[in-house]
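S.K.: Next up is a structure, given as structure tokens.
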Amino acid sequence: MVPSSDSLSEALHGWQVTPPADPNFRQSVWRRIGKQAGVTWPAYLRTNIAVLSFASIIVLTAAAYGGRALAHKQARADRESIVVTYLVDLDPRIQATLRP
Amino acid sequence: MRFLLGTVAVITLLAASTGYVGYRMSCNPALHAAVSKGDTMEWLRTDFHLSNDKFLLVCQLHDSYAGTCDEHCRMIQEATRERDALLAAHADRAALDSANRRIQGLREVCEGSIATHVRRVAELMSPQDGRRYLALVLPRIANFDHTAAPDLRLRHSN
């Protein structure tokens with residue numbers, strides 16, 4: 001039995017679709033596109049942007065901190081070294097030991 | 001896998017560059033140059049941000065202190081020679097104790113004199129730099145007997 005066009009219109013009018021939100025929708029679309037077209041590097045980056053961004057931030061922060069810490073360590077070592085030379089010239093107790 | 005390795009390589013290169021920039025921005029080339037040359041006055045000037053005027057005053061202080069240093073050095077050497085002569089002559093314990101006390105007394109006078117001198121130098125620096133300078137030198141002066149390194153003889157250029 002074929003429903004009348006009026007009842008079909010009413011049914012369509014009252015039809016509401018509430019699909020659940022898919023958080024991986026964007027990634028899965030890119031994955032499907034990649035499978036069809038052959039994955040490129042930009043596509044790979046786009047697909048994994050969240051993980052790569054997080055990893056990059058961690059690694060770059062650690063590298064900047066490491067560079068800074070290395071410079072400070074070198075400055076400390078420099079000061080430790082020069083202060084000994086400075087006190088050798090300044091301290092008669094050392095001079096008394098060194099001079100003939 | 002190919003893209004993963006490429007991405008890791010790029011991140012590694014970026015990290016190396018960032019580390020280098022962090023190092024260059026935090027390092028102190030003037031300090032390092034002064035240390036490489038063993039130039040203690042240049043170290044004072046650069047590391048403690050002395051203006052030309054203040055630097056000249058520090059140089060004058062050091063020059064005037066050199067005479068005091070020589071005099072203290074001479075007195076300690078003389079007292080040490082006397083003590084060594086007593087030791088060689090197998091002098092009695094009281095005489096040796098007296099000689100050792102005299103050396104110790106001279107060393108204490110010397111320590112007070114250096115401390116006064118470095119405090120005068122610190123007064124020519126900004127309060128923050130002065131505190132940092134005193135924190136570097138005063139403990140070493142006070143702990144001389146514990147910190148005098150055996151290789152000081154090799155480092156001395158006079």
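Chain labels A, B, ... are given in the sequence in which chains occur in the structure tokens; within each chain residues are numbered consecutively from 1, and ligands are likewise numbered from 1 in the order shown.
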Find the nearest atom pair between each residue of chain B and chain A for residues within 7 Å, count only C-alpha atoms, give distances in Å to one decimal, sort rows by chain and ascending number, and present the table as a tab-separated table.

M.R.:
```
residue	atom	partner	partner_atom	distance
B:Phe3	CA	A:Trp41	CA	5.9
B:Ile11	CA	A:Ser56	CA	6.3
B:Ala15	CA	A:Leu60	CA	4.9
B:Ala16	CA	A:Ala63	CA	6.8
B:Thr18	CA	A:Ala64	CA	5.4
B:Gly19	CA	A:Gly67	CA	4.4
B:Tyr20	CA	A:Gly67	CA	6.0
B:Gly22	CA	A:Gly67	CA	4.8
B:Tyr23	CA	A:Gly67	CA	4.1
B:Ser26	CA	A:Arg68	CA	5.5
B:Cys27	CA	A:Ala71	CA	4.7
B:Asn28	CA	A:Ala75	CA	6.8
B:His32	CA	A:Asp78	CA	6.4
B:Val35	CA	A:Ile82	CA	5.7
B:Gly38	CA	A:Ile82	CA	6.7
B:Thr40	CA	A:Tyr86	CA	5.6
B:Cys69	CA	A:Pro92	CA	5.2
B:Asp70	CA	A:Pro92	CA	6.8
B:His72	CA	A:Pro92	CA	5.9
B:Cys73	CA	A:Pro92	CA	4.6
B:Arg74	CA	A:Ala96	CA	6.9
B:Ile76	CA	A:Ala96	CA	6.3
B:Gln77	CA	A:Ala96	CA	5.5
B:Arg107	CA	A:Arg93	CA	6.5
B:Cys110	CA	A:Pro92	CA	6.9
B:Ile114	CA	A:Asp91	CA	6.9
B:Val137	CA	A:Val83	CA	7.0
B:Arg153	CA	A:Leu98	CA	6.2
B:His156	CA	A:Val88	CA	7.0
```

S.K.: What does the structure give for the distance between CA of Gln16 (chain A) and CA of Arg32 (chain A), in Å to one decimal?

M.R.: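 So the two atoms, CA of Gln16 (chain A) and CA of Arg32 (chain A), lie 28.0 Å apart.
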
S.K.: Need the shell around region 122-136 of chain B: protein/DNA/RNA residues with any atom at most 7 Å away, counting only C-alpha atoms. Skip same-chain ones fewer than 2 positions apart. Format as an MDAnalysis selection string?

M.R.: chainID B and resid 48 50 54 118:120 138:139

S.K.: Generate the output file for the selected residues, C-alpha atoms, as a compact mmCIF listing (two decimals), in the first residue's frame.

M.R.:
```txt
# COMPACT_ATOMS: atom_id res chain seq x y z
CA PHE B 48 79.43 42.55 38.09
CA LEU B 50 80.95 47.85 36.69
CA LYS B 54 83.56 52.14 39.24
CA VAL B 118 86.37 42.62 49.29
CA ARG B 119 83.58 44.37 51.21
CA ARG B 120 84.97 47.70 49.99
CA LEU B 138 83.73 35.43 51.30
CA PRO B 139 83.06 31.72 51.94
```

S.K.: What are the DSSP alpha helix (DSSP H) residues of chain B, as a ChimeraX atom specification?

M.R.: /B:2-26,29-37,40-47,52-88,93-123,127-142,144-147,152-155

S.K.: Could you give me, as a list of chain:residue names, the residues within 10 Å of region 92-95 of chain B, counting only C-alpha atoms and dropping anything in the same chain fewer than 6 positions from it?

M.R.: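 Neighbouring residues, sequence-local ones excluded: B:Arg83, B:Leu86, B:Arg101.
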
S.K.: Convert the current residue selection to file output with C-alpha atoms, as a JSON list (two decimals), in the first residue's frame.

M.R.:
```
[["chain", "number", "residue", "atom", "x", "y", "z"],
["B", 83, "ARG", "CA", 108.53, 27.97, 63.13],
["B", 86, "LEU", "CA", 112.34, 25.72, 65.63],
["B", 101, "ARG", "CA", 99.92, 30.59, 67.38]]
```

S.K.: Which residues come within 9 Å of Trp30 (chain A), counting only C-alpha atoms, excluding same-chain residues fewer than 2 positions away, as a ChimeraX atom specification?

M.R.: /A:25-28,32-35,43-44,46-47

S.K.: Please save N, CA and C atoms of the selected residues as an mmCIF file, in the first residue's frame.

M.R.:
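That gives us out27.cif:
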```
data_model
loop_
_atom_site.group_PDB
_atom_site.id
_atom_site.type_symbol
_atom_site.label_atom_id
_atom_site.label_comp_id
_atom_site.auth_asym_id
_atom_site.auth_seq_id
_atom_site.Cartn_x
_atom_site.Cartn_y
_atom_site.Cartn_z
ATOM 1 N N PHE A 25 35.366 12.391 13.684
ATOM 2 C CA PHE A 25 34.813 12.516 12.336
ATOM 3 C C PHE A 25 35.839 13.101 11.355
ATOM 4 N N ARG A 26 36.463 14.230 11.783
ATOM 5 C CA ARG A 26 37.400 14.910 10.874
ATOM 6 C C ARG A 26 38.580 13.993 10.510
ATOM 7 N N GLN A 27 39.116 13.324 11.519
ATOM 8 C CA GLN A 27 40.267 12.438 11.272
ATOM 9 C C GLN A 27 39.875 11.287 10.341
ATOM 10 N N SER A 28 38.687 10.736 10.587
ATOM 11 C CA SER A 28 38.295 9.583 9.761
ATOM 12 C C SER A 28 38.051 9.994 8.317
ATOM 13 N N ARG A 32 40.074 8.520 5.206
ATOM 14 C CA ARG A 32 39.443 7.929 4.009
ATOM 15 C C ARG A 32 39.950 8.611 2.743
ATOM 16 N N ILE A 33 40.113 9.933 2.820
ATOM 17 C CA ILE A 33 40.645 10.647 1.657
ATOM 18 C C ILE A 33 42.063 10.159 1.344
ATOM 19 N N GLY A 34 42.847 9.982 2.429
ATOM 20 C CA GLY A 34 44.229 9.522 2.257
ATOM 21 C C GLY A 34 44.281 8.153 1.630
ATOM 22 N N LYS A 35 43.367 7.282 2.038
ATOM 23 C CA LYS A 35 43.370 5.926 1.469
ATOM 24 C C LYS A 35 43.053 5.961 -0.016
ATOM 25 N N ALA A 43 49.049 15.414 4.571
ATOM 26 C CA ALA A 43 47.852 14.713 5.035
ATOM 27 C C ALA A 43 48.157 13.958 6.325
ATOM 28 N N TYR A 44 49.338 13.356 6.378
ATOM 29 C CA TYR A 44 49.753 12.632 7.594
ATOM 30 C C TYR A 44 49.823 13.601 8.781
ATOM 31 N N ARG A 46 48.240 16.457 9.070
ATOM 32 C CA ARG A 46 46.888 16.893 9.436
ATOM 33 C C ARG A 46 46.180 15.833 10.264
ATOM 34 N N THR A 47 46.397 14.594 9.875
ATOM 35 C CA THR A 47 45.718 13.497 10.576
ATOM 36 C C THR A 47 46.177 13.396 12.033
#
```

S.K.: One number please: CA of Ala50 (chain A) to CA of Asn24 (chain A), in Å, one decimal.

M.R.: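 One can read the CA of Ala50 (chain A) to CA of Asn24 (chain A) distance as 11.8 Å.
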